[in-house]
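One file, run06.pdb, is given below (PDB, C-alpha atoms, pLDDT in the B column).
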```pdb
ATOM      1  CA  MET A  12      -1.512  26.200 -70.705  1.00 54.00           C
ATOM      2  CA  GLN A  13      -1.193  22.462 -70.331  1.00 56.00           C
ATOM      3  CA  GLU A  14       2.239  22.894 -68.803  1.00 55.00           C
ATOM      4  CA  LEU A  15       0.855  25.365 -66.226  1.00 51.00           C
ATOM      5  CA  THR A  16      -1.947  22.961 -65.349  1.00 55.00           C
ATOM      6  CA  ASP A  17       0.562  20.159 -64.887  1.00 58.00           C
ATOM      7  CA  VAL A  18       2.656  22.326 -62.568  1.00 50.00           C
ATOM      8  CA  ILE A  19      -0.340  23.190 -60.383  1.00 53.00           C
ATOM      9  CA  LEU A  20      -1.447  19.580 -60.183  1.00 55.00           C
ATOM     10  CA  GLY A  21       2.090  18.449 -59.497  1.00 59.00           C
ATOM     11  CA  THR A  22       2.410  21.046 -56.742  1.00 55.00           C
ATOM     12  CA  PHE A  23      -0.757  19.781 -55.111  1.00 53.00           C
ATOM     13  CA  ILE A  24       0.477  16.184 -55.193  1.00 59.00           C
ATOM     14  CA  ASP A  25       3.781  17.224 -53.539  1.00 57.00           C
ATOM     15  CA  VAL A  26       2.021  19.103 -50.767  1.00 53.00           C
ATOM     16  CA  ALA A  27      -0.409  16.238 -50.264  1.00 54.00           C
ATOM     17  CA  LYS A  28       2.588  14.000 -49.644  1.00 59.00           C
ATOM     18  CA  MET A  29       3.905  16.510 -47.086  1.00 53.00           C
ATOM     19  CA  VAL A  30       0.732  16.469 -44.973  1.00 50.00           C
ATOM     20  CA  ARG A  31       0.289  12.719 -45.359  1.00 52.00           C
ATOM     21  CA  SER A  32       1.801  12.131 -41.906  1.00 47.00           C
ATOM     22  CA  LEU A  33      -1.065  14.107 -40.362  1.00 42.00           C
ATOM     23  CA  LEU A  34      -3.859  12.618 -42.504  1.00 47.00           C
ATOM     24  CA  SER A  35      -4.580   9.028 -43.450  1.00 49.00           C
ATOM     25  CA  SER A  36      -3.414   8.086 -46.951  1.00 48.00           C
ATOM     26  CA  ARG A  37      -6.991   7.310 -48.001  1.00 53.00           C
ATOM     27  CA  THR A  38      -8.172  10.794 -47.023  1.00 52.00           C
ATOM     28  CA  THR A  39      -5.268  12.416 -48.837  1.00 49.00           C
ATOM     29  CA  TRP A  40      -5.978  10.691 -52.160  1.00 48.00           C
ATOM     30  CA  LEU A  41      -9.697  11.369 -51.885  1.00 51.00           C
ATOM     31  CA  ALA A  42      -8.832  15.051 -51.480  1.00 54.00           C
ATOM     32  CA  ALA A  43      -6.577  14.904 -54.550  1.00 54.00           C
ATOM     33  CA  ILE A  44      -9.250  13.188 -56.638  1.00 53.00           C
ATOM     34  CA  GLY A  45     -11.897  15.667 -55.466  1.00 54.00           C
ATOM     35  CA  PHE A  46      -9.683  18.625 -56.308  1.00 49.00           C
ATOM     36  CA  THR A  47      -9.018  17.268 -59.800  1.00 53.00           C
ATOM     37  CA  ALA A  48     -12.711  16.557 -60.453  1.00 49.00           C
ATOM     38  CA  ILE A  49     -13.773  20.035 -59.381  1.00 48.00           C
ATOM     39  CA  TRP A  50     -10.949  21.560 -61.462  1.00 50.00           C
ATOM     40  CA  LEU A  51     -12.114  19.837 -64.625  1.00 51.00           C
ATOM     41  CA  SER A  52     -15.845  20.382 -64.082  1.00 55.00           C
ATOM     42  CA  SER A  53     -16.238  23.764 -62.383  1.00 55.00           C
ATOM     43  CA  GLY A  54     -12.965  25.576 -62.787  1.00 54.00           C
ATOM     44  CA  LYS A  55      -9.913  26.383 -60.742  1.00 54.00           C
ATOM     45  CA  VAL A  56     -11.617  28.926 -58.376  1.00 51.00           C
ATOM     46  CA  GLU A  57     -14.125  26.381 -57.057  1.00 56.00           C
ATOM     47  CA  ALA A  58     -11.378  23.760 -56.854  1.00 54.00           C
ATOM     48  CA  PHE A  59      -9.167  25.995 -54.703  1.00 54.00           C
ATOM     49  CA  GLN A  60     -12.123  26.948 -52.472  1.00 56.00           C
ATOM     50  CA  GLN A  61     -12.856  23.295 -51.784  1.00 58.00           C
ATOM     51  CA  LEU A  62      -9.176  22.614 -51.228  1.00 55.00           C
ATOM     52  CA  LEU A  63      -8.824  25.451 -48.744  1.00 53.00           C
ATOM     53  CA  GLY A  64     -11.901  24.247 -46.888  1.00 57.00           C
ATOM     54  CA  PHE A  65     -10.395  20.783 -46.641  1.00 52.00           C
ATOM     55  CA  LEU A  66      -6.838  21.668 -45.694  1.00 53.00           C
ATOM     56  CA  GLY A  67      -7.455  24.909 -43.761  1.00 53.00           C
ATOM     57  CA  ILE A  68      -4.228  26.778 -43.180  1.00 50.00           C
ATOM     58  CA  SER A  69      -2.299  24.258 -45.293  1.00 51.00           C
ATOM     59  CA  GLY A  70      -4.142  25.661 -48.328  1.00 51.00           C
ATOM     60  CA  LEU A  71      -2.294  28.935 -47.980  1.00 51.00           C
ATOM     61  CA  TRP A  72       0.978  27.054 -48.237  1.00 52.00           C
ATOM     62  CA  ILE A  73      -0.292  25.271 -51.381  1.00 52.00           C
ATOM     63  CA  ILE A  74      -1.114  28.597 -53.076  1.00 51.00           C
ATOM     64  CA  LYS A  75       2.315  29.985 -52.193  1.00 54.00           C
ATOM     65  CA  ILE A  76       4.081  26.973 -53.677  1.00 54.00           C
ATOM     66  CA  GLY A  77       1.863  27.045 -56.784  1.00 53.00           C
ATOM     67  CA  VAL A  78       2.601  30.709 -57.429  1.00 48.00           C
ATOM     68  CA  GLN A  79       6.335  30.159 -57.074  1.00 57.00           C
ATOM     69  CA  ASN A  80       6.216  27.263 -59.529  1.00 53.00           C
ATOM     70  CA  VAL A  81       4.195  29.248 -62.030  1.00 47.00           C
ATOM     71  CA  VAL A  82       6.733  32.071 -61.826  1.00 47.00           C
ATOM     72  CA  GLY A  83       9.449  29.568 -62.569  1.00 55.00           C
ATOM     73  CA  ILE A  84       7.639  28.322 -65.679  1.00 50.00           C
ATOM     74  CA  ILE A  85       7.016  31.862 -66.938  1.00 50.00           C
ATOM     75  CA  LYS A  86      10.715  32.726 -66.556  1.00 55.00           C
ATOM     76  CA  GLY A  87      11.406  29.904 -69.007  1.00 55.00           C
ATOM     77  CA  ASN A  88      13.653  27.753 -66.910  1.00 53.00           C
ATOM     78  CA  GLY A  89      11.304  24.817 -67.556  1.00 50.00           C
ATOM     79  CA  LYS A  90      11.373  23.678 -63.939  1.00 50.00           C
ATOM     80  CA  PRO A  91       9.277  24.545 -60.947  1.00 49.00           C
ATOM     81  CA  ALA A  92      10.863  27.162 -58.687  1.00 46.00           C
ATOM     82  CA  LEU A  93      10.251  25.086 -55.570  1.00 47.00           C
ATOM     83  CA  SER A  94      10.044  21.381 -55.060  1.00 48.00           C
ATOM     84  CA  VAL A  95       8.334  20.175 -51.948  1.00 45.00           C
ATOM     85  CA  LYS A  96       9.735  17.131 -50.222  1.00 49.00           C
ATOM     86  CA  PRO A  97       7.527  15.248 -47.834  1.00 47.00           C
ATOM     87  CA  GLU A  98       8.571  15.604 -44.249  1.00 48.00           C
ATOM     88  CA  VAL A  99       7.762  12.896 -41.788  1.00 48.00           C
ATOM     89  CA  ILE A 100       6.453  14.379 -38.601  1.00 47.00           C
ATOM     90  CA  SER A 101       6.943  12.184 -35.565  1.00 51.00           C
ATOM     91  CA  VAL A 102       4.491  12.821 -32.799  1.00 50.00           C
ATOM     92  CA  GLY A 103       5.167  11.119 -29.504  1.00 55.00           C
ATOM     93  CA  MET A 104       4.807  11.554 -25.790  1.00 58.00           C
ATOM     94  CA  PRO A 105       7.338  13.911 -24.238  1.00 62.00           C
ATOM     95  CA  GLN A 106      10.109  12.048 -22.546  1.00 65.00           C
ATOM     96  CA  PRO A 107      10.675  12.827 -18.879  1.00 64.00           C
ATOM     97  CA  GLU A 108      13.720  14.882 -18.169  1.00 69.00           C
ATOM     98  CA  LYS A 109      16.526  12.817 -16.750  1.00 67.00           C
ATOM     99  CA  ARG A 110      17.782  14.108 -13.455  1.00 71.00           C
ATOM    100  CA  LEU A 111      21.064  13.293 -11.865  1.00 69.00           C
ATOM    101  CA  GLU A 112      20.297  11.641  -8.561  1.00 70.00           C
ATOM    102  CA  VAL A 113      22.902  12.333  -5.930  1.00 72.00           C
ATOM    103  CA  PRO A 114      22.760   9.822  -3.080  1.00 72.00           C
ATOM    104  CA  LEU A 115      22.246  11.390   0.318  1.00 72.00           C
ATOM    105  CA  PRO A 116      25.046  10.893   2.801  1.00 71.00           C
ATOM    106  CA  PRO A 117      24.218   8.381   5.513  1.00 71.00           C
ATOM    107  CA  VAL A 118      22.869   9.844   8.728  1.00 62.00           C
ATOM    108  CA  PRO A 119      25.459   9.344  11.439  1.00 62.00           C
ATOM    109  CA  PRO A 120      24.215   7.527  14.519  1.00 61.00           C
ATOM    110  CA  PRO A 121      23.704   9.641  17.641  1.00 57.00           C
ATOM    111  CA  ALA A 122      26.792  10.086  19.745  1.00 61.00           C
ATOM    112  CA  PRO A 123      26.886   7.720  22.697  1.00 66.00           C
ATOM    113  CA  GLU A 124      26.116   9.235  26.064  1.00 67.00           C
ATOM    114  CA  GLN A 125      29.233  10.224  27.939  1.00 82.00           C
ATOM    115  CA  PRO A 126      29.493   8.744  31.436  1.00 88.00           C
ATOM    116  CA  PHE A 127      29.278  11.087  34.394  1.00 91.00           C
ATOM    117  CA  ASP A 128      32.798  11.657  35.706  1.00 94.00           C
ATOM    118  CA  VAL A 129      32.143  11.679  39.453  1.00 95.00           C
ATOM    119  CA  GLU A 130      35.771  12.180  40.422  1.00 95.00           C
ATOM    120  CA  ALA A 131      36.340  15.199  38.187  1.00 96.00           C
ATOM    121  CA  PHE A 132      33.005  16.715  39.231  1.00 97.00           C
ATOM    122  CA  HIS A 133      33.812  16.357  42.940  1.00 97.00           C
ATOM    123  CA  LYS A 134      37.203  17.971  42.447  1.00 97.00           C
ATOM    124  CA  ARG A 135      35.531  21.028  40.940  1.00 97.00           C
ATOM    125  CA  VAL A 136      33.046  21.119  43.811  1.00 97.00           C
ATOM    126  CA  LEU A 137      35.811  21.125  46.422  1.00 97.00           C
ATOM    127  CA  ASN A 138      37.869  23.696  44.537  1.00 96.00           C
ATOM    128  CA  ASP A 139      34.990  26.147  44.033  1.00 96.00           C
ATOM    129  CA  ALA A 140      33.642  25.707  47.577  1.00 95.00           C
ATOM    130  CA  GLY A 141      37.066  26.453  49.053  1.00 94.00           C
ATOM    131  CA  ILE A 142      37.374  29.611  46.947  1.00 95.00           C
ATOM    132  CA  ILE A 143      33.854  30.869  47.683  1.00 94.00           C
ATOM    133  CA  TYR A 144      33.526  30.033  51.406  1.00 93.00           C
ATOM    134  CA  GLY A 145      37.146  29.866  52.490  1.00 92.00           C
ATOM    135  CA  GLU A 146      36.544  26.578  54.328  1.00 91.00           C
ATOM    136  CA  LEU A 147      35.254  23.086  53.660  1.00 94.00           C
ATOM    137  CA  ASN A 148      32.749  21.106  55.704  1.00 96.00           C
ATOM    138  CA  PRO A 149      30.152  18.481  54.721  1.00 97.00           C
ATOM    139  CA  PHE A 150      27.314  20.987  54.675  1.00 96.00           C
ATOM    140  CA  ILE A 151      29.188  23.410  52.396  1.00 97.00           C
ATOM    141  CA  VAL A 152      30.322  20.605  50.089  1.00 97.00           C
ATOM    142  CA  PHE A 153      26.754  19.329  49.797  1.00 97.00           C
ATOM    143  CA  GLY A 154      25.445  22.810  49.000  1.00 96.00           C
ATOM    144  CA  GLU A 155      28.122  23.382  46.339  1.00 97.00           C
ATOM    145  CA  ALA A 156      27.389  19.982  44.761  1.00 97.00           C
ATOM    146  CA  VAL A 157      23.721  20.983  44.481  1.00 97.00           C
ATOM    147  CA  ALA A 158      24.612  24.386  43.014  1.00 97.00           C
ATOM    148  CA  LYS A 159      27.007  22.952  40.445  1.00 97.00           C
ATOM    149  CA  GLY A 160      24.578  20.171  39.468  1.00 97.00           C
ATOM    150  CA  SER A 161      21.872  22.778  38.804  1.00 96.00           C
ATOM    151  CA  VAL A 162      24.001  24.418  36.081  1.00 96.00           C
ATOM    152  CA  THR A 163      25.529  21.296  34.502  1.00 96.00           C
ATOM    153  CA  THR A 164      23.653  20.056  31.431  1.00 95.00           C
ATOM    154  CA  CYS A 165      22.491  16.448  31.578  1.00 96.00           C
ATOM    155  CA  GLN A 166      23.110  14.482  28.373  1.00 94.00           C
ATOM    156  CA  GLY A 167      21.193  11.348  29.330  1.00 95.00           C
ATOM    157  CA  ILE A 168      19.358   9.557  32.097  1.00 95.00           C
ATOM    158  CA  ARG A 169      22.450   7.547  33.015  1.00 96.00           C
ATOM    159  CA  GLN A 170      24.304  10.741  33.879  1.00 96.00           C
ATOM    160  CA  ALA A 171      21.409  11.841  36.090  1.00 97.00           C
ATOM    161  CA  GLN A 172      21.415   8.514  37.910  1.00 97.00           C
ATOM    162  CA  ASP A 173      25.156   8.722  38.577  1.00 97.00           C
ATOM    163  CA  TYR A 174      24.840  12.313  39.817  1.00 98.00           C
ATOM    164  CA  TRP A 175      22.046  11.501  42.253  1.00 97.00           C
ATOM    165  CA  ASP A 176      23.905   8.424  43.490  1.00 97.00           C
ATOM    166  CA  TYR A 177      26.812  10.794  44.173  1.00 97.00           C
ATOM    167  CA  LEU A 178      24.589  13.360  45.897  1.00 97.00           C
ATOM    168  CA  VAL A 179      22.909  10.974  48.412  1.00 97.00           C
ATOM    169  CA  PRO A 180      26.002  10.279  50.580  1.00 97.00           C
ATOM    170  CA  LEU A 181      26.820  13.983  50.582  1.00 97.00           C
ATOM    171  CA  ALA A 182      23.316  14.679  51.915  1.00 97.00           C
ATOM    172  CA  TYR A 183      23.779  12.108  54.708  1.00 97.00           C
ATOM    173  CA  ALA A 184      27.134  13.656  55.626  1.00 97.00           C
ATOM    174  CA  ALA A 185      25.597  17.129  55.673  1.00 97.00           C
ATOM    175  CA  ARG A 186      22.742  15.951  57.936  1.00 95.00           C
ATOM    176  CA  ASP A 187      25.181  14.368  60.403  1.00 95.00           C
ATOM    177  CA  TYR A 188      27.313  17.497  60.426  1.00 95.00           C
ATOM    178  CA  VAL A 189      24.347  19.751  61.155  1.00 93.00           C
ATOM    179  CA  LYS A 190      23.252  17.411  63.963  1.00 91.00           C
ATOM    180  CA  GLU A 191      26.678  17.488  65.591  1.00 90.00           C
ATOM    181  CA  GLU A 192      26.903  21.261  65.360  1.00 89.00           C
ATOM    182  CA  THR A 193      23.467  21.859  66.842  1.00 87.00           C
ATOM    183  CA  GLU A 194      24.194  19.543  69.775  1.00 84.00           C
ATOM    184  CA  LYS A 195      27.241  21.671  70.646  1.00 82.00           C
ATOM    185  CA  LYS A 196      25.150  24.779  71.060  1.00 77.00           C
ATOM    186  CA  GLN A 197      24.384  25.893  74.609  1.00 57.00           C
ATOM    187  CA  GLY A 198      20.812  26.301  75.708  1.00 58.00           C
ATOM    188  CA  VAL A 199      19.316  23.776  73.369  1.00 52.00           C
ATOM    189  CA  CYS A 200      16.755  21.649  75.149  1.00 58.00           C
ATOM    190  CA  LYS A 201      17.509  17.968  75.076  1.00 60.00           C
ATOM    191  CA  GLY A 202      15.109  15.849  73.049  1.00 55.00           C
ATOM    192  CA  VAL A 203      14.165  18.780  70.787  1.00 64.00           C
ATOM    193  CA  ASP A 204      15.760  18.977  67.341  1.00 74.00           C
ATOM    194  CA  ALA A 205      17.063  22.339  66.200  1.00 83.00           C
ATOM    195  CA  PRO A 206      15.311  23.956  63.199  1.00 88.00           C
ATOM    196  CA  GLU A 207      18.472  23.581  61.140  1.00 89.00           C
ATOM    197  CA  LEU A 208      18.509  19.839  61.737  1.00 89.00           C
ATOM    198  CA  VAL A 209      14.802  19.454  60.945  1.00 92.00           C
ATOM    199  CA  SER A 210      15.272  21.308  57.660  1.00 93.00           C
ATOM    200  CA  MET A 211      18.261  19.143  56.734  1.00 94.00           C
ATOM    201  CA  GLN A 212      16.373  15.933  57.533  1.00 95.00           C
ATOM    202  CA  HIS A 213      13.512  17.013  55.263  1.00 96.00           C
ATOM    203  CA  GLN A 214      15.959  17.816  52.515  1.00 96.00           C
ATOM    204  CA  LEU A 215      17.588  14.395  52.914  1.00 96.00           C
ATOM    205  CA  SER A 216      14.187  12.717  52.554  1.00 96.00           C
ATOM    206  CA  ARG A 217      13.553  14.610  49.313  1.00 97.00           C
ATOM    207  CA  ILE A 218      16.998  13.696  47.995  1.00 97.00           C
ATOM    208  CA  LEU A 219      16.282  10.000  48.555  1.00 97.00           C
ATOM    209  CA  ARG A 220      12.888  10.226  46.832  1.00 97.00           C
ATOM    210  CA  TYR A 221      14.289  12.110  43.856  1.00 97.00           C
ATOM    211  CA  ARG A 222      17.050   9.534  43.452  1.00 97.00           C
ATOM    212  CA  ASP A 223      14.479   6.743  43.305  1.00 97.00           C
ATOM    213  CA  ASN A 224      12.385   8.701  40.801  1.00 97.00           C
ATOM    214  CA  VAL A 225      15.390   9.174  38.527  1.00 97.00           C
ATOM    215  CA  TYR A 226      15.726   5.425  38.215  1.00 96.00           C
ATOM    216  CA  GLN A 227      12.051   5.161  37.254  1.00 96.00           C
ATOM    217  CA  LEU A 228      12.621   7.775  34.556  1.00 96.00           C
ATOM    218  CA  ALA A 229      14.930   5.291  32.805  1.00 94.00           C
ATOM    219  CA  ASN A 230      11.767   3.627  31.401  1.00 93.00           C
ATOM    220  CA  ILE A 231      10.916   6.807  29.452  1.00 94.00           C
ATOM    221  CA  PRO A 232      12.806   7.781  26.257  1.00 94.00           C
ATOM    222  CA  TRP A 233      15.356  10.488  26.974  1.00 94.00           C
ATOM    223  CA  ALA A 234      14.100  12.569  24.054  1.00 93.00           C
ATOM    224  CA  ASN A 235      10.677  12.844  25.733  1.00 93.00           C
ATOM    225  CA  LEU A 236      12.239  13.808  29.045  1.00 94.00           C
ATOM    226  CA  LYS A 237      14.460  16.397  27.406  1.00 93.00           C
ATOM    227  CA  ASN A 238      11.464  17.997  25.673  1.00 93.00           C
ATOM    228  CA  SER A 239       9.613  18.185  28.988  1.00 93.00           C
ATOM    229  CA  LEU A 240      12.624  19.643  30.795  1.00 94.00           C
ATOM    230  CA  ALA A 241      13.177  22.314  28.125  1.00 91.00           C
ATOM    231  CA  ALA A 242      15.748  24.756  29.551  1.00 92.00           C
ATOM    232  CA  ASN A 243      15.896  22.891  32.877  1.00 93.00           C
ATOM    233  CA  ASP A 244      17.838  19.949  31.447  1.00 94.00           C
ATOM    234  CA  THR A 245      20.471  19.860  34.209  1.00 96.00           C
ATOM    235  CA  LEU A 246      21.681  17.027  36.423  1.00 97.00           C
ATOM    236  CA  TYR A 247      19.959  18.463  39.484  1.00 97.00           C
ATOM    237  CA  HIS A 248      16.651  19.397  37.813  1.00 97.00           C
ATOM    238  CA  VAL A 249      16.140  15.924  36.361  1.00 97.00           C
ATOM    239  CA  GLY A 250      15.661  14.759  39.952  1.00 96.00           C
ATOM    240  CA  VAL A 251      13.911  17.817  41.371  1.00 96.00           C
ATOM    241  CA  LEU A 252      11.352  17.775  38.556  1.00 96.00           C
ATOM    242  CA  SER A 253      11.073  13.979  38.498  1.00 95.00           C
ATOM    243  CA  ASP A 254       7.565  13.952  40.005  1.00 94.00           C
ATOM    244  CA  ASP A 255       6.277  16.149  37.175  1.00 93.00           C
ATOM    245  CA  LEU A 256       8.220  14.171  34.547  1.00 94.00           C
ATOM    246  CA  LEU A 257       6.696  10.892  35.697  1.00 93.00           C
ATOM    247  CA  ARG A 258       3.180  12.311  35.612  1.00 91.00           C
ATOM    248  CA  ALA A 259       3.659  13.865  32.174  1.00 88.00           C
ATOM    249  CA  ASN A 260       5.312  10.895  30.455  1.00 82.00           C
ATOM    250  CA  TRP A 261       4.147   7.794  32.280  1.00 69.00           C
TER     251      TRP A 261
END
```
Translate this file's structure into structure tokens.
Amino acid sequence: MQELTDVILGTFIDVAKMVRSLLSSRTTWLAAIGFTAIWLSSGKVEAFQQLLGFLGISGLWIIKIGVQNVVGIIKGNGKPALSVKPEVISVGMPQPEKRLEVPLPPVPPPAPEQPFDVEAFHKRVLNDAGIIYGELNPFIVFGEAVAKGSVTTCQGIRQAQDYWDYLVPLAYAARDYVKEETEKKQGVCKGVDAPELVSMQHQLSRILRYRDNVYQLANIPWANLKNSLAANDTLYHVGVLSDDLLRANW
């Protein structure tokens, strides 16, 4: 009987060491002393009830270990069936997961604006005008330059400036040509301009104003102008819509 009592008490001491990392050492030994006092004074049932109330779920583990040790004594091997070793439980803050940081590739700078190739553009104008109309004169060349500029995307304000500088002398040449041709007509009253000439003079005035506006647009970021132009971002439309662009972005 004494040997069985020693096993049970020894089992309790081992388990108390196991849970010592969760409880303060003072509390653990007070529990052990209390259990022993109740065991000697009231009996093992009351002692186990108090122990279960103190340790909660851990009490179930104590009973299991005690039973296994008692079985070992009864079998006559003279040693407890299970020896409990204290386990140190380390409780700490979770460490953040390390992530492999891949550096982002550098953003390439925007491509520089390509200059407007006036010579190559004029060659295309002459070639297409000759194919379409079968002849070349200043009025036809001017009209084809306008048509081709209205379908050529503008990549920057500098290109627009070069295009409109190119277009102005063509407009003057077209006006002079129309004037000469109207003067050759019979029956035209002297001192009265033909409707064709009046129309061409008005168009020349607009061309000059648009060219001046394009130079004022250089004070506005190209990105803002491009957003305002939307699908009309062509060499010709930068000038034709310059009045609206100045009002919207100035």
List as a compact mmCIF listing (two decimals) with C-alpha atoms, in the coordinates of the input the residues having at least one atom at most 12 Å from position (19.2, 13.7, 32.2) as given in the file, counting all atoms listed in the file.
```txt
# COMPACT_ATOMS: atom_id res chain seq x y z
CA GLU A 124 26.12 9.24 26.06
CA GLN A 125 29.23 10.22 27.94
CA PRO A 126 29.49 8.74 31.44
CA PHE A 127 29.28 11.09 34.39
CA GLY A 160 24.58 20.17 39.47
CA SER A 161 21.87 22.78 38.80
CA THR A 163 25.53 21.30 34.50
CA THR A 164 23.65 20.06 31.43
CA CYS A 165 22.49 16.45 31.58
CA GLN A 166 23.11 14.48 28.37
CA GLY A 167 21.19 11.35 29.33
CA ILE A 168 19.36 9.56 32.10
CA ARG A 169 22.45 7.55 33.02
CA GLN A 170 24.30 10.74 33.88
CA ALA A 171 21.41 11.84 36.09
CA GLN A 172 21.42 8.51 37.91
CA ASP A 173 25.16 8.72 38.58
CA TYR A 174 24.84 12.31 39.82
CA TRP A 175 22.05 11.50 42.25
CA VAL A 225 15.39 9.17 38.53
CA TYR A 226 15.73 5.42 38.22
CA LEU A 228 12.62 7.78 34.56
CA ALA A 229 14.93 5.29 32.80
CA ILE A 231 10.92 6.81 29.45
CA PRO A 232 12.81 7.78 26.26
CA TRP A 233 15.36 10.49 26.97
CA ALA A 234 14.10 12.57 24.05
CA ASN A 235 10.68 12.84 25.73
CA LEU A 236 12.24 13.81 29.04
CA LYS A 237 14.46 16.40 27.41
CA ASN A 238 11.46 18.00 25.67
CA SER A 239 9.61 18.18 28.99
CA LEU A 240 12.62 19.64 30.80
CA ALA A 241 13.18 22.31 28.12
CA ALA A 242 15.75 24.76 29.55
CA ASN A 243 15.90 22.89 32.88
CA ASP A 244 17.84 19.95 31.45
CA THR A 245 20.47 19.86 34.21
CA LEU A 246 21.68 17.03 36.42
CA TYR A 247 19.96 18.46 39.48
CA HIS A 248 16.65 19.40 37.81
CA VAL A 249 16.14 15.92 36.36
CA GLY A 250 15.66 14.76 39.95
CA VAL A 251 13.91 17.82 41.37
CA LEU A 252 11.35 17.77 38.56
CA SER A 253 11.07 13.98 38.50
CA LEU A 256 8.22 14.17 34.55
```
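Shell of segment 214-219 of chain A at 8 Å, with all atoms listed in the file counted and residues fewer than 6 places along the chain excluded, is Trp175, Leu178, Val179, Ala182, Tyr183 and Arg186 of chain A.
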So which residues fall inside 10 Å of (31.7, 13.8, 42.2) if we count only C-alpha atoms? Mind giving them as a JSON list (two decimals) with C-alpha atoms, in the coordinates of the input?
```json
[["chain", "number", "residue", "atom", "x", "y", "z"],
["A", 127, "PHE", "CA", 29.28, 11.09, 34.39],
["A", 128, "ASP", "CA", 32.80, 11.66, 35.71],
["A", 129, "VAL", "CA", 32.14, 11.68, 39.45],
["A", 130, "GLU", "CA", 35.77, 12.18, 40.42],
["A", 131, "ALA", "CA", 36.34, 15.20, 38.19],
["A", 132, "PHE", "CA", 33.01, 16.72, 39.23],
["A", 133, "HIS", "CA", 33.81, 16.36, 42.94],
["A", 134, "LYS", "CA", 37.20, 17.97, 42.45],
["A", 135, "ARG", "CA", 35.53, 21.03, 40.94],
["A", 136, "VAL", "CA", 33.05, 21.12, 43.81],
["A", 137, "LEU", "CA", 35.81, 21.12, 46.42],
["A", 156, "ALA", "CA", 27.39, 19.98, 44.76],
["A", 160, "GLY", "CA", 24.58, 20.17, 39.47],
["A", 173, "ASP", "CA", 25.16, 8.72, 38.58],
["A", 174, "TYR", "CA", 24.84, 12.31, 39.82],
["A", 175, "TRP", "CA", 22.05, 11.50, 42.25],
["A", 176, "ASP", "CA", 23.90, 8.42, 43.49],
["A", 177, "TYR", "CA", 26.81, 10.79, 44.17],
["A", 178, "LEU", "CA", 24.59, 13.36, 45.90],
["A", 181, "LEU", "CA", 26.82, 13.98, 50.58]]
```
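Here atom CA of Val189 of chain A stands at a distance of 17.5 Å from atom CA of Ala140 of chain A.
Note that the spacing between atom CA of Met211 of chain A and atom CA of Gly154 of chain A amounts to 11.2 Å.
Proximity to Asn148 of chain A was assessed for A:Asp255, A:Glu112, A:Glu192, A:Asp204 counting only C-alpha atoms; the smallest distance is recorded for A:Glu192.
With distances restricted to only C-alpha atoms, A:Val209 is the closest residue to Lys190 of chain A from A:Val157, A:Val209, A:Ile151, A:Ile143.
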Of the residues A:Asn260, A:Asp187, A:Asp254, A:Ala158, which is the one nearest to Gln212 of chain A, using all atoms listed in the file? A:Asp187
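What separates atom CA of Lys195 of chain A from atom CA of Asp139 of chain A is a distance of 28.1 Å.
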